file work-v4.tsv (TSV, C-alpha atoms)
chain	number	residue	atom	x	y	z
Q	1	MET	CA	-24.56	-12.67	17.84
Q	2	ASN	CA	-22.17	-15.58	17.29
Q	3	ALA	CA	-18.93	-15.22	19.25
Q	4	PRO	CA	-15.63	-16.27	17.65
Q	5	PRO	CA	-14.67	-19.91	18.37
Q	6	ASN	CA	-12.04	-18.92	20.94
Q	7	ILE	CA	-14.58	-17.11	23.13
Q	8	ASP	CA	-16.49	-19.62	25.23
Q	9	PRO	CA	-20.10	-18.37	25.39
Q	10	ALA	CA	-20.62	-20.26	28.64
Q	11	THR	CA	-17.73	-18.53	30.40
Q	12	ALA	CA	-18.16	-15.31	32.32
Q	13	TYR	CA	-15.43	-12.73	31.81
Q	14	SER	CA	-14.17	-9.89	33.96
Q	15	ASP	CA	-12.33	-6.75	32.92
Q	16	SER	CA	-9.13	-8.28	34.32
Q	17	ASP	CA	-9.69	-11.31	32.05
Q	18	VAL	CA	-9.83	-8.96	29.07
Q	19	LEU	CA	-6.59	-7.29	30.16
Q	20	HIS	CA	-4.91	-10.66	30.64
Q	21	TRP	CA	-6.03	-11.83	27.20
Q	22	LEU	CA	-4.85	-8.61	25.55
Q	23	THR	CA	-1.49	-8.78	27.33
Q	24	ASN	CA	-0.72	-12.50	27.06
Q	25	ASP	CA	-2.98	-14.35	24.63
Q	26	ALA	CA	-3.31	-11.97	21.67
Q	27	ARG	CA	0.35	-12.30	20.73
Q	28	ASP	CA	-0.29	-14.94	18.05
Q	29	GLU	CA	-2.77	-12.72	16.19
Q	30	ARG	CA	-1.11	-10.73	13.37
Q	31	PHE	CA	-3.80	-8.18	12.61
Q	32	ILE	CA	-4.87	-5.38	14.89
Q	33	ASP	CA	-8.41	-5.23	13.43
Q	34	ASN	CA	-9.01	-8.85	14.51
Q	35	ILE	CA	-7.60	-8.13	17.98
Q	36	PHE	CA	-9.78	-5.05	18.28
Q	37	ALA	CA	-12.97	-6.95	17.40
Q	38	GLN	CA	-12.19	-9.78	19.85
Q	39	MET	CA	-11.38	-7.25	22.56
Q	40	CYS	CA	-14.78	-5.61	22.14
Q	41	LEU	CA	-16.57	-8.96	22.28
Q	42	ARG	CA	-14.73	-9.82	25.49
Q	43	LEU	CA	-15.62	-6.45	26.96
Q	44	GLN	CA	-19.28	-7.23	26.38
Q	45	ARG	CA	-18.88	-10.62	28.10
Q	46	ALA	CA	-17.25	-8.77	31.00
Q	47	GLY	CA	-20.40	-6.68	31.43
Q	48	ILE	CA	-19.07	-3.51	29.83
Q	49	PRO	CA	-21.85	-2.53	27.39
Q	50	VAL	CA	-19.76	-1.44	24.40
Q	51	LYS	CA	-21.93	-1.17	21.30
Q	52	ARG	CA	-19.56	0.69	19.01
Q	53	ALA	CA	-15.80	1.24	19.07
Q	54	THR	CA	-13.24	2.71	16.71
Q	55	LEU	CA	-9.48	2.80	16.47
Q	56	HIS	CA	-7.79	5.49	14.37
Q	57	VAL	CA	-4.10	4.98	13.56
Q	58	GLN	CA	-1.75	7.08	11.47
Q	59	VAL	CA	0.87	5.32	9.35
Q	60	GLN	CA	3.70	6.24	7.00
Q	61	HIS	CA	2.49	5.25	3.55
Q	62	PRO	CA	2.78	6.98	0.16
Q	63	GLN	CA	-0.98	6.69	-0.46
Q	64	TRP	CA	-2.61	6.56	2.97
Q	65	LEU	CA	-2.58	8.83	5.99
Q	66	GLY	CA	-3.80	6.01	8.17
Q	67	ALA	CA	-6.65	3.64	8.86
Q	68	LYS	CA	-9.92	3.57	10.76
Q	69	ILE	CA	-11.01	0.32	12.40
Q	70	LEU	CA	-14.74	0.19	13.25
Q	71	TRP	CA	-16.48	-2.44	15.35
Q	72	ALA	CA	-20.20	-2.38	16.16
Q	73	ASP	CA	-22.48	-4.71	18.08
Q	74	GLY	CA	-23.27	-7.81	16.04
Q	75	MET	CA	-20.04	-7.74	14.01
Q	76	ARG	CA	-17.77	-10.79	14.25
Q	77	GLU	CA	-15.04	-8.89	12.42
Q	78	ALA	CA	-14.07	-5.23	12.49
Q	79	GLU	CA	-14.28	-3.06	9.39
Q	80	LEU	CA	-10.98	-1.52	8.30
Q	81	THR	CA	-11.03	1.58	6.11
Q	82	ARG	CA	-7.92	3.26	4.76
Q	83	VAL	CA	-7.78	7.05	5.04
Q	84	ASP	CA	-6.03	9.06	2.35
Q	85	HIS	CA	-3.83	12.11	2.85
Q	86	ASP	CA	-6.56	14.57	1.85
Q	87	ALA	CA	-8.93	13.42	4.62
Q	88	ARG	CA	-7.98	16.23	7.01
Q	89	GLY	CA	-9.48	18.79	4.64
Q	90	ARG	CA	-12.88	17.08	4.55
Q	91	SER	CA	-15.98	17.74	6.61
Q	92	GLU	CA	-16.01	14.23	8.10
Q	93	TYR	CA	-12.70	15.07	9.81
Q	94	ILE	CA	-12.93	18.80	10.50
Q	95	GLY	CA	-14.43	19.31	13.96
Q	96	SER	CA	-14.72	15.57	14.56
Q	97	PRO	CA	-13.79	13.91	17.86
Q	98	VAL	CA	-10.72	12.45	16.18
Q	99	SER	CA	-9.57	15.89	15.04
Q	100	GLU	CA	-10.05	17.26	18.56
Q	101	ILE	CA	-7.89	14.48	20.02
Q	102	HIS	CA	-5.25	15.07	17.34
Q	103	ASP	CA	-5.33	18.76	18.26
Q	104	GLY	CA	-4.49	18.01	21.89
Q	105	ALA	CA	-7.65	17.02	23.76
Q	106	ASN	CA	-6.99	14.34	26.40
Q	107	GLU	CA	-10.58	13.12	26.59
Q	108	LEU	CA	-13.88	13.73	24.85
Q	109	ARG	CA	-17.11	12.63	26.51
Q	110	GLU	CA	-20.47	13.25	24.88
Q	111	ASP	CA	-23.90	12.64	26.36
Q	112	LEU	CA	-25.78	11.63	23.24
Q	113	THR	CA	-29.19	11.82	24.97
Q	114	ARG	CA	-29.19	15.53	25.56
Q	115	ASP	CA	-30.57	18.08	23.12
Q	116	PRO	CA	-28.24	18.06	20.05
Q	117	ALA	CA	-28.37	21.86	20.06
Q	118	LEU	CA	-26.55	21.81	23.41
Q	119	GLY	CA	-23.86	19.32	22.44
Q	120	ARG	CA	-20.93	19.26	20.06
Q	121	LYS	CA	-21.83	19.69	16.42
Q	122	HIS	CA	-20.62	16.98	14.11
Q	123	ALA	CA	-22.25	14.43	11.81
Q	124	VAL	CA	-20.72	11.50	13.68
Q	125	TYR	CA	-22.69	12.42	16.83
Q	126	ASP	CA	-25.92	12.50	14.82
Q	127	GLU	CA	-25.08	9.09	13.36
Q	128	MET	CA	-24.57	7.63	16.83
Q	129	ARG	CA	-27.82	9.16	18.13
Q	130	ALA	CA	-29.62	7.57	15.18
Q	131	MET	CA	-28.16	4.21	16.27
Q	132	GLY	CA	-29.70	4.64	19.71
Q	133	LEU	CA	-26.36	5.22	21.45
Q	134	THR	CA	-26.40	7.19	24.67
Q	135	ASP	CA	-22.79	7.86	25.64
Q	136	TYR	CA	-19.50	8.29	23.76
Q	137	VAL	CA	-15.91	8.63	24.92
Q	138	ALA	CA	-12.68	9.18	22.97
Q	139	TRP	CA	-9.09	9.08	24.26
Q	140	PRO	CA	-5.64	9.53	22.77
Q	141	MET	CA	-3.57	6.38	22.45
Q	142	TYR	CA	0.17	6.94	22.52
Q	143	HIS	CA	2.82	5.04	20.62
Q	144	THR	CA	6.58	5.48	20.93
Q	145	LEU	CA	7.97	9.04	20.73
Q	146	GLY	CA	4.59	10.62	21.40
Q	147	LYS	CA	2.84	9.45	18.25
Q	148	ARG	CA	-0.81	10.08	18.96
Q	149	HIS	CA	-3.65	7.82	17.81
Q	150	VAL	CA	-7.30	7.66	18.89
Q	151	VAL	CA	-9.59	5.03	20.43
Q	152	THR	CA	-13.32	5.54	21.04
Q	153	PHE	CA	-16.14	3.62	22.74
Q	154	ALA	CA	-19.90	4.14	22.74
Q	155	THR	CA	-22.83	2.47	24.51
Q	156	ASP	CA	-26.62	2.37	24.41
Q	157	ARG	CA	-26.92	1.82	28.18
Q	158	THR	CA	-29.43	4.05	29.89
Q	159	GLY	CA	-27.36	6.65	31.68
Q	160	GLY	CA	-24.29	5.84	29.63
Q	161	PHE	CA	-21.11	4.23	30.90
Q	162	ASP	CA	-20.82	4.24	34.69
Q	163	ASP	CA	-17.62	5.26	36.47
Q	164	ALA	CA	-16.40	1.68	36.95
Q	165	GLN	CA	-16.88	0.92	33.26
Q	166	ILE	CA	-14.99	4.03	32.24
Q	167	GLU	CA	-12.20	3.05	34.62
Q	168	SER	CA	-12.05	-0.44	33.08
Q	169	LEU	CA	-11.88	0.97	29.55
Q	170	LEU	CA	-9.15	3.41	30.57
Q	171	LYS	CA	-7.05	0.53	31.93
Q	172	LEU	CA	-7.19	-1.09	28.48
Q	173	VAL	CA	-5.88	1.90	26.55
Q	174	PRO	CA	-2.13	1.68	27.38
Q	175	ILE	CA	-2.16	-2.10	26.80
Q	176	LEU	CA	-4.00	-1.65	23.51
Q	177	ALA	CA	-1.37	0.98	22.61
Q	178	LEU	CA	1.45	-1.52	23.08
Q	179	VAL	CA	-0.35	-4.29	21.22
Q	180	SER	CA	-1.37	-2.03	18.35
Q	181	GLU	CA	2.07	-0.43	18.01
Q	182	ILE	CA	3.68	-3.81	17.38
Q	183	ARG	CA	1.14	-4.62	14.66
Q	184	VAL	CA	1.30	-1.17	13.11
Q	185	LYS	CA	5.10	-1.30	12.98
Q	186	ASN	CA	4.97	-4.77	11.40
Q	187	ARG	CA	2.54	-3.45	8.81
Q	188	LEU	CA	4.73	-0.37	8.34
Q	189	ALA	CA	7.82	-2.52	7.74
Q	190	ARG	CA	5.94	-4.56	5.16
Q	191	THR	CA	4.51	-1.41	3.54
Q	192	LEU	CA	7.89	0.30	3.30
Q	193	LEU	CA	9.47	-2.80	1.77
Q	194	GLU	CA	6.61	-3.13	-0.71
Q	195	THR	CA	6.96	0.55	-1.56
Q	196	TYR	CA	10.72	0.55	-2.07
Q	197	VAL	CA	11.57	-2.94	-3.36
Q	198	GLY	CA	8.24	-4.43	-4.50
Q	199	THR	CA	5.77	-6.90	-3.04
Q	200	HIS	CA	7.57	-10.15	-3.84
Q	201	ALA	CA	11.03	-8.91	-2.88
Q	202	GLY	CA	9.58	-7.45	0.32
Q	203	GLU	CA	8.11	-10.81	1.28
Q	204	LEU	CA	11.44	-12.53	0.67
Q	205	ILE	CA	13.32	-9.98	2.78
Q	206	LEU	CA	10.82	-10.30	5.64
Q	207	ALA	CA	11.19	-14.07	5.40
Q	208	GLY	CA	14.92	-13.70	6.02
Q	209	ALA	CA	16.56	-13.26	2.61
Q	210	THR	CA	18.90	-10.54	3.89
Q	211	ARG	CA	22.38	-11.94	3.36
Q	212	ARG	CA	24.53	-10.68	0.53
Q	213	GLY	CA	24.67	-13.17	-2.32
Q	214	THR	CA	21.45	-14.97	-1.38
Q	215	GLY	CA	19.08	-15.35	-4.27
Q	216	THR	CA	17.59	-17.64	-6.84
Q	217	THR	CA	17.35	-18.07	-10.60
Q	218	VAL	CA	14.04	-16.92	-12.03
Q	219	SER	CA	12.71	-17.27	-15.56
Q	220	ALA	CA	11.01	-14.01	-16.40
Q	221	ALA	CA	9.97	-11.55	-19.05
Q	222	ILE	CA	12.01	-8.39	-18.47
Q	223	MET	CA	10.90	-4.86	-19.29
Q	224	ILE	CA	13.12	-1.80	-19.14
Q	225	CYS	CA	11.71	1.65	-19.84
Q	226	ASP	CA	13.50	4.99	-20.13
Q	227	LEU	CA	12.37	8.55	-20.70
Q	228	ARG	CA	13.83	10.45	-23.63
Q	229	GLY	CA	15.27	13.97	-23.30
Q	230	PHE	CA	15.02	14.01	-19.53
Q	231	THR	CA	18.42	15.65	-19.05
Q	232	GLN	CA	17.31	18.69	-21.02
Q	233	ILE	CA	14.03	18.84	-19.14
Q	234	SER	CA	15.72	18.61	-15.73
Q	235	ASP	CA	18.23	21.31	-16.71
Q	236	ASN	CA	15.59	23.79	-17.89
Q	237	TRP	CA	12.47	23.15	-15.85
Q	238	PRO	CA	11.78	24.22	-12.23
Q	239	ARG	CA	12.52	21.43	-9.77
Q	240	ASP	CA	8.92	20.93	-8.61
Q	241	ASP	CA	7.69	20.75	-12.20
Q	242	VAL	CA	10.31	18.10	-13.00
Q	243	ILE	CA	9.20	16.02	-10.00
Q	244	ASP	CA	5.52	16.32	-11.01
Q	245	LEU	CA	6.39	15.31	-14.56
Q	246	LEU	CA	8.37	12.28	-13.41
Q	247	ASN	CA	5.63	11.19	-11.03
Q	248	GLY	CA	3.03	11.44	-13.80
Q	249	TYR	CA	5.24	9.43	-16.15
Q	250	PHE	CA	5.92	6.74	-13.55
Q	251	ASP	CA	2.21	6.51	-12.69
Q	252	ALA	CA	1.38	6.02	-16.35
Q	253	MET	CA	3.97	3.26	-16.71
Q	254	SER	CA	3.78	1.60	-13.30
Q	255	GLU	CA	0.10	1.18	-12.62
Q	256	PRO	CA	-0.54	-1.08	-15.65
Q	257	ILE	CA	2.52	-3.16	-14.75
Q	258	ALA	CA	1.20	-3.83	-11.24
Q	259	ARG	CA	-2.32	-4.40	-12.54
Q	260	HIS	CA	-1.14	-7.16	-14.87
Q	261	GLY	CA	1.03	-9.00	-12.35
Q	262	GLY	CA	4.44	-7.45	-13.00
Q	263	GLU	CA	6.81	-6.30	-10.32
Q	264	ILE	CA	8.83	-3.11	-10.55
Q	265	LEU	CA	12.20	-3.80	-8.98
Q	266	LYS	CA	13.70	-0.35	-9.24
Q	267	PHE	CA	13.43	3.15	-10.60
Q	268	ILE	CA	16.72	4.28	-12.10
Q	269	GLY	CA	16.58	8.04	-12.55
Q	270	ASP	CA	13.97	8.38	-15.28
Q	271	GLY	CA	13.88	4.64	-16.04
Q	272	LEU	CA	12.38	1.55	-14.50
Q	273	LEU	CA	13.09	-2.18	-14.43
Q	274	ALA	CA	10.22	-4.65	-14.12
Q	275	ILE	CA	9.83	-8.40	-14.40
Q	276	PHE	CA	6.91	-10.73	-15.10
Q	277	PRO	CA	7.94	-14.16	-13.70
Q	278	LEU	CA	7.09	-16.97	-16.10
Q	279	ASP	CA	5.56	-19.07	-13.33
Q	280	GLN	CA	2.57	-16.73	-13.70
Q	281	PRO	CA	0.04	-17.81	-16.34
Q	282	ASN	CA	0.30	-15.69	-19.51
Q	283	ALA	CA	3.18	-13.62	-18.13
Q	284	CYS	CA	4.44	-12.50	-21.54
Q	285	ALA	CA	0.97	-11.60	-22.78
Q	286	ASN	CA	0.35	-9.74	-19.53
Q	287	LEU	CA	3.51	-7.72	-20.11
Q	288	LEU	CA	2.27	-6.59	-23.53
Q	289	HIS	CA	-1.18	-5.77	-22.13
Q	290	ALA	CA	0.59	-3.62	-19.54
Q	291	VAL	CA	2.62	-1.93	-22.30
Q	292	THR	CA	-0.59	-1.22	-24.24
Q	293	GLU	CA	-2.26	0.42	-21.25
Q	294	ALA	CA	0.91	2.30	-20.33
Q	295	ARG	CA	1.15	3.76	-23.83
Q	296	GLN	CA	-2.50	4.83	-23.66
Q	297	ALA	CA	-1.83	6.44	-20.28
Q	298	MET	CA	1.21	8.25	-21.72
Q	299	THR	CA	-0.90	9.58	-24.59
Q	300	ALA	CA	-3.43	10.94	-22.09
Q	301	LEU	CA	-0.63	12.42	-19.96
Q	302	ASN	CA	0.92	14.15	-22.98
Q	303	GLU	CA	-2.45	15.61	-23.94
Q	304	LYS	CA	-2.89	16.95	-20.41
Q	305	ASN	CA	0.64	18.36	-20.29
Q	306	GLY	CA	0.17	19.84	-23.74
Q	307	GLU	CA	-2.60	22.08	-22.38
Q	308	THR	CA	0.10	23.99	-20.48
Q	309	GLY	CA	2.44	24.13	-23.48
Q	310	ALA	CA	4.69	21.23	-22.44
Q	311	ALA	CA	6.26	19.15	-25.18
Q	312	PRO	CA	5.16	15.48	-25.34
Q	313	LEU	CA	7.23	13.01	-23.40
Q	314	LYS	CA	8.96	10.32	-25.41
Q	315	TYR	CA	10.17	6.99	-24.09
Q	316	GLY	CA	11.70	3.69	-25.08
Q	317	ILE	CA	10.81	0.20	-23.88
Q	318	GLY	CA	13.01	-2.87	-24.32
Q	319	VAL	CA	11.59	-6.35	-23.69
Q	320	HIS	CA	13.36	-9.70	-23.47
Q	321	VAL	CA	12.81	-13.06	-21.77
Q	322	GLY	CA	15.24	-15.38	-20.03
Q	323	ASP	CA	16.77	-16.52	-16.75
Q	324	VAL	CA	17.88	-13.89	-14.27
Q	325	MET	CA	19.60	-14.02	-10.89
Q	326	TYR	CA	17.12	-12.56	-8.39
Q	327	GLY	CA	18.50	-11.64	-4.99
Q	328	ASN	CA	20.77	-9.55	-2.77
Q	329	ILE	CA	23.68	-7.74	-4.38
Q	330	GLY	CA	25.84	-4.94	-2.99
Q	331	SER	CA	28.36	-4.06	-0.33
Q	332	SER	CA	28.59	-5.64	3.10
Q	333	THR	CA	26.44	-2.86	4.59
Q	334	ARG	CA	24.27	-1.68	1.68
Q	335	LEU	CA	22.28	-4.19	-0.37
Q	336	ASP	CA	19.99	-4.01	-3.36
Q	337	PHE	CA	17.38	-6.66	-4.08
Q	338	THR	CA	17.36	-6.83	-7.86
Q	339	VAL	CA	17.89	-8.98	-10.96
Q	340	ILE	CA	21.07	-9.33	-12.96
Q	341	GLY	CA	22.28	-11.44	-15.86
Q	342	PRO	CA	22.61	-11.43	-19.66
Q	343	ALA	CA	18.82	-11.34	-20.10
Q	344	VAL	CA	18.64	-8.05	-18.19
Q	345	ASN	CA	21.52	-6.67	-20.26
Q	346	MET	CA	19.69	-7.61	-23.46
Q	347	ALA	CA	16.52	-5.78	-22.39
Q	348	SER	CA	18.63	-2.73	-21.57
Q	349	ARG	CA	20.34	-2.80	-24.98
Q	350	LEU	CA	16.98	-3.10	-26.76
Q	351	GLU	CA	15.67	-0.09	-24.86
Q	352	ALA	CA	18.71	1.89	-26.07
Q	353	LEU	CA	18.03	0.77	-29.67
Q	354	THR	CA	14.49	2.16	-29.61
Q	355	LYS	CA	15.87	5.65	-30.10
Q	356	GLN	CA	18.17	4.61	-32.96
Q	357	LEU	CA	15.45	2.67	-34.78
Q	358	GLY	CA	12.59	5.06	-34.06
Q	359	LYS	CA	10.45	2.32	-32.49
Q	360	PRO	CA	9.15	3.07	-28.96
Q	361	VAL	CA	8.80	-0.63	-28.05
Q	362	LEU	CA	11.30	-3.28	-29.16
Q	363	LEU	CA	11.01	-6.99	-28.45
Q	364	SER	CA	13.66	-9.65	-28.80
Q	365	HIS	CA	13.08	-12.64	-31.06
Q	366	ALA	CA	12.98	-14.90	-27.98
Q	367	PHE	CA	10.14	-12.89	-26.44
Q	368	ALA	CA	8.29	-12.38	-29.73
Q	369	ASP	CA	8.18	-16.14	-30.35
Q	370	LEU	CA	6.12	-16.54	-27.18
Q	371	VAL	CA	3.44	-13.98	-28.10
Q	372	LYS	CA	3.39	-13.48	-31.89
Q	373	SER	CA	0.44	-15.82	-32.38
Q	374	ASP	CA	-1.71	-13.52	-30.23
Q	375	PHE	CA	-0.28	-10.06	-30.94
Q	376	ASP	CA	0.38	-8.06	-34.07
Q	377	LEU	CA	4.13	-7.51	-34.22
Q	378	GLU	CA	6.28	-5.75	-36.82
Q	379	ARG	CA	9.52	-7.47	-37.79
Q	380	VAL	CA	12.21	-4.78	-37.74
Q	381	GLY	CA	15.18	-6.90	-38.83
Q	382	GLU	CA	18.44	-8.20	-37.40
Q	383	TYR	CA	20.70	-5.74	-35.63
Q	384	PRO	CA	23.96	-5.98	-33.70
Q	385	VAL	CA	23.52	-5.57	-29.96
Q	386	ARG	CA	26.37	-4.20	-27.90
Q	387	GLY	CA	27.87	-6.88	-25.68
Q	388	PHE	CA	26.44	-9.79	-27.68
Q	389	ASN	CA	28.27	-11.63	-30.46
Q	390	ASP	CA	25.48	-12.29	-32.93
Q	391	PRO	CA	22.92	-9.92	-34.41
Q	392	VAL	CA	19.47	-10.15	-32.80
Q	393	GLU	CA	16.21	-10.31	-34.69
Q	394	LEU	CA	13.97	-7.52	-33.38
Q	395	PHE	CA	10.24	-6.88	-33.44
Q	396	ALA	CA	8.31	-3.69	-32.76
Q	397	TYR	CA	5.04	-3.60	-30.87
Q	398	HIS	CA	2.70	-0.70	-31.49
Q	399	GLY	CA	0.04	-1.66	-28.96
call {"tool": "encode", "arguments": {"input": "work-v4.tsv", "output": "structure tokens"}}
result
Amino acid sequence: MNAPPNIDPATAYSDSDVLHWLTNDARDERFIDNIFAQMCLRLQRAGIPVKRATLHVQVQHPQWLGAKILWADGMREAELTRVDHDARGRSEYIGSPVSEIHDGANELREDLTRDPALGRKHAVYDEMRAMGLTDYVAWPMYHTLGKRHVVTFATDRTGGFDDAQIESLLKLVPILALVSEIRVKNRLARTLLETYVGTHAGELILAGATRRGTGTTVSAAIMICDLRGFTQISDNWPRDDVIDLLNGYFDAMSEPIARHGGEILKFIGDGLLAIFPLDQPNACANLLHAVTEARQAMTALNEKNGETGAAPLKYGIGVHVGDVMYGNIGSSTRLDFTVIGPAVNMASRLEALTKQLGKPVLLSHAFADLVKSDFDLERVGEYPVRGFNDPVELFAYHG
């Protein structure tokens, strides 16, 4: 096994060296999975025969319940696997050591050499026996306010871990809790910002763009989408059904936007605002590819909803291109990271015209000029646009 460059293979380590490294020298490492792998390698150099270790952390994320970090002997890097919210209903969790710790156990110790019929029954124990492991221990790891995570260690040493080795591992747990909490909270802050304001805006905010009025001018293709007849639906449908409908609609629209490099800046009731910055190659074409896939997803959603007797959802999409002011706007205590400017207003007006003209997707002449050589567009004509002096030549896209 090749040790990472910052572990001197000629240097002997002690368990106190591992504690000192974890407390003082791991601070420059951003990612807990890297810290966890290096910690396990140092434990081996300190004579503690760890052959497998896992860290199970729960996080607040719209898609994921948490993450599992797995390190095994011979791995230079740990393996990180995200765990979705349905995991607790699956056999790999039910009755597992992690579930027992979550349910209140303060320690689990399993002699993997004894007859499996006499031990705990779970597939993970069989997997470890098949790896030649002899002893396994799992402990809760506490973060602030009693949040309970799990760390486990296993060995192939004849007779398992001895008492001194268990004591050394136990000393690590509270330090690992502190180190991991900082990284988990950093990841949580990034995740929440990505979830609520978008990836790019989240990065800018974390980098310090938090003062009101700070921002920049960005050239972008702008897309505004709105659902038709939502007021009637929300007045007449049960609340939970309305929420499910909105989530299905936003999934259909949003996933293609993200897939093609767009960024959704906000959801406004039943509408959304997204941009495709022009510094990205083929930004305008990518926007129309996203629209095509979104319309296909909406067709599939309407077919699914139609099986329960629901009327098809209708929508309008307005698309324009131009310079926008991208940054912090709001009151002194409540800010919104968004885009404003005449180009955004134009996209909004075009979205409103989709209903009047009976065209679900309307493009401005400025946007159409950038893509018409590659896409089949229908010229709709020139129409007055509220808030703008001159009529605007419009094009429909049928995707």
call {"tool": "closest_residue", "arguments": {"input": "work-v4.tsv", "among": "Q:Arg212, Q:Pro360, Q:Leu370, Q:Ser180", "to": "Thr333 (chain Q)", "atoms": "only C-alpha atoms"}}
result
Q:Arg212
call {"tool": "residues_around", "arguments": {"input": "work-v4.tsv", "residues": "His365 (chain Q)", "least_positions_apart": "6", "cutoff": "9 Å", "atoms": "only C-alpha atoms", "output": "JSON, numbers by chain"}}
result
{"Q": [320, 392, 393, 394, 395]}
call {"tool": "closest_residue", "arguments": {"input": "work-v4.tsv", "among": "Q:Thr54, Q:Asn286, Q:Ser99, Q:Asn34", "to": "Glu77 (chain Q)", "atoms": "only C-alpha atoms"}}
result
Q:Asn34
call {"tool": "residues_around", "arguments": {"input": "work-v4.tsv", "residues": "Glu110 (chain Q)", "least_positions_apart": "2", "cutoff": "12 Å", "atoms": "all atoms listed in the file", "output": "PyMOL selection string"}}
result
chain Q and resi 97+107-108+112-116+118-122+124-126+128-129+133-138+152-155+159-161
call {"tool": "residues_around", "arguments": {"input": "work-v4.tsv", "residues": "Lys171 (chain Q)", "least_positions_apart": "3", "cutoff": "12 Å", "atoms": "only C-alpha atoms", "output": "list in words"}}
result
Asp15, Ser16, Val18, Leu19, His20, Leu22, Thr23, Trp139, Met141, Ala164, Gln165, Ile166, Glu167, Ser168, Pro174, Ile175, Leu176 and Ala177 of chain Q
call {"tool": "residues_around", "arguments": {"input": "work-v4.tsv", "residues": "region 298-302 of chain Q", "least_positions_apart": "3", "cutoff": "8 Å", "atoms": "all atoms listed in the file", "output": "number ranges by chain"}}
result
Q: 248-249, 252-253, 294-295, 305-306, 311-313
call {"tool": "write_last_selection", "arguments": {"input": "work-v4.tsv", "atoms": "C-alpha atoms", "output": "PDB file, keeping the file's coordinate frame"}}
result
ATOM      1  CA  GLY Q 248       3.030  11.440 -13.800  1.00  0.00           C
ATOM      2  CA  TYR Q 249       5.240   9.430 -16.150  1.00  0.00           C
ATOM      3  CA  ALA Q 252       1.380   6.020 -16.350  1.00  0.00           C
ATOM      4  CA  MET Q 253       3.970   3.260 -16.710  1.00  0.00           C
ATOM      5  CA  ALA Q 294       0.910   2.300 -20.330  1.00  0.00           C
ATOM      6  CA  ARG Q 295       1.150   3.760 -23.830  1.00  0.00           C
ATOM      7  CA  ASN Q 305       0.640  18.360 -20.290  1.00  0.00           C
ATOM      8  CA  GLY Q 306       0.170  19.840 -23.740  1.00  0.00           C
ATOM      9  CA  ALA Q 311       6.260  19.150 -25.180  1.00  0.00           C
ATOM     10  CA  PRO Q 312       5.160  15.480 -25.340  1.00  0.00           C
ATOM     11  CA  LEU Q 313       7.230  13.010 -23.400  1.00  0.00           C
TER      12      LEU Q 313
END
call {"tool": "atom_distance", "arguments": {"input": "work-v4.tsv", "atom1": "CA of Glu378 (chain Q)", "atom2": "CA of Ser348 (chain Q)"}}
result
19.9 Å
call {"tool": "closest_residue", "arguments": {"input": "work-v4.tsv", "among": "Q:Ile340, Q:Ile32, Q:Leu169, Q:Ala283", "to": "Pro49 (chain Q)", "atoms": "only C-alpha atoms"}}
result
Q:Leu169
call {"tool": "atom_distance", "arguments": {"input": "work-v4.tsv", "atom1": "CA of His143 (chain Q)", "atom2": "CA of His85 (chain Q)"}}
result
20.2 Å
call {"tool": "atom_distance", "arguments": {"input": "work-v4.tsv", "atom1": "CA of Phe337 (chain Q)", "atom2": "CA of Met325 (chain Q)"}}
result
10.3 Å
call {"tool": "residues_around", "arguments": {"input": "work-v4.tsv", "residues": "Leu80 (chain Q)", "least_positions_apart": "3", "cutoff": "7 Å", "atoms": "all atoms listed in the file", "output": "JSON, numbers by chain"}}
result
{"Q": [33, 67, 68, 69, 70]}
call {"tool": "write_last_selection", "arguments": {"input": "work-v4.tsv", "atoms": "C-alpha atoms", "output": "PDB file, in the frame of the given file"}}
result
ATOM      1  CA  ASP Q  33      -8.410  -5.230  13.430  1.00  0.00           C
ATOM      2  CA  ALA Q  67      -6.650   3.640   8.860  1.00  0.00           C
ATOM      3  CA  LYS Q  68      -9.920   3.570  10.760  1.00  0.00           C
ATOM      4  CA  ILE Q  69     -11.010   0.320  12.400  1.00  0.00           C
ATOM      5  CA  LEU Q  70     -14.740   0.190  13.250  1.00  0.00           C
TER       6      LEU Q  70
END
call {"tool": "closest_residue", "arguments": {"input": "work-v4.tsv", "among": "Q:Pro140, Q:Gln38, Q:Asp84, Q:Arg386", "to": "Ala105 (chain Q)", "atoms": "all atoms listed in the file"}}
result
Q:Pro140
call {"tool": "axis_aligned_box", "arguments": {"input": "work-v4.tsv", "around": "region 146-159 of chain Q", "padding_each_side": "3 Å", "output": "AutoDock Vina command-line options"}}
result
--center_x -12.4 --center_y 6.2 --center_z 24.7 --size_x 40.0 --size_y 14.8 --size_z 19.9
call {"tool": "residues_near_point", "arguments": {"input": "work-v4.tsv", "point": "(10.1, -3.3, -13.7)", "cutoff": "10 Å", "atoms": "all atoms listed in the file", "output": "list of chain:residue names"}}
result
Q:Gly198, Q:Ala221, Q:Ile222, Q:Met223, Q:Ile224, Q:Cys225, Q:Met253, Q:Ser254, Q:Ile257, Q:Ala258, Q:Gly262, Q:Glu263, Q:Ile264, Q:Leu265, Q:Lys266, Q:Phe267, Q:Gly271, Q:Leu272, Q:Leu273, Q:Ala274, Q:Ile275, Q:Phe276, Q:Thr338
call {"tool": "residues_near_point", "arguments": {"input": "work-v4.tsv", "point": "(14.2, 6.2, -30.3)", "cutoff": "12 Å", "atoms": "all atoms listed in the file", "output": "list in words"}}
result
Cys225, Asp226, Leu227, Arg228, Gly229, Leu313, Lys314, Tyr315, Gly316, Ile317, Gly318, Leu350, Glu351, Ala352, Leu353, Thr354, Lys355, Gln356, Leu357, Gly358, Lys359, Pro360, Val361, Leu362 and Ala396 of chain Q
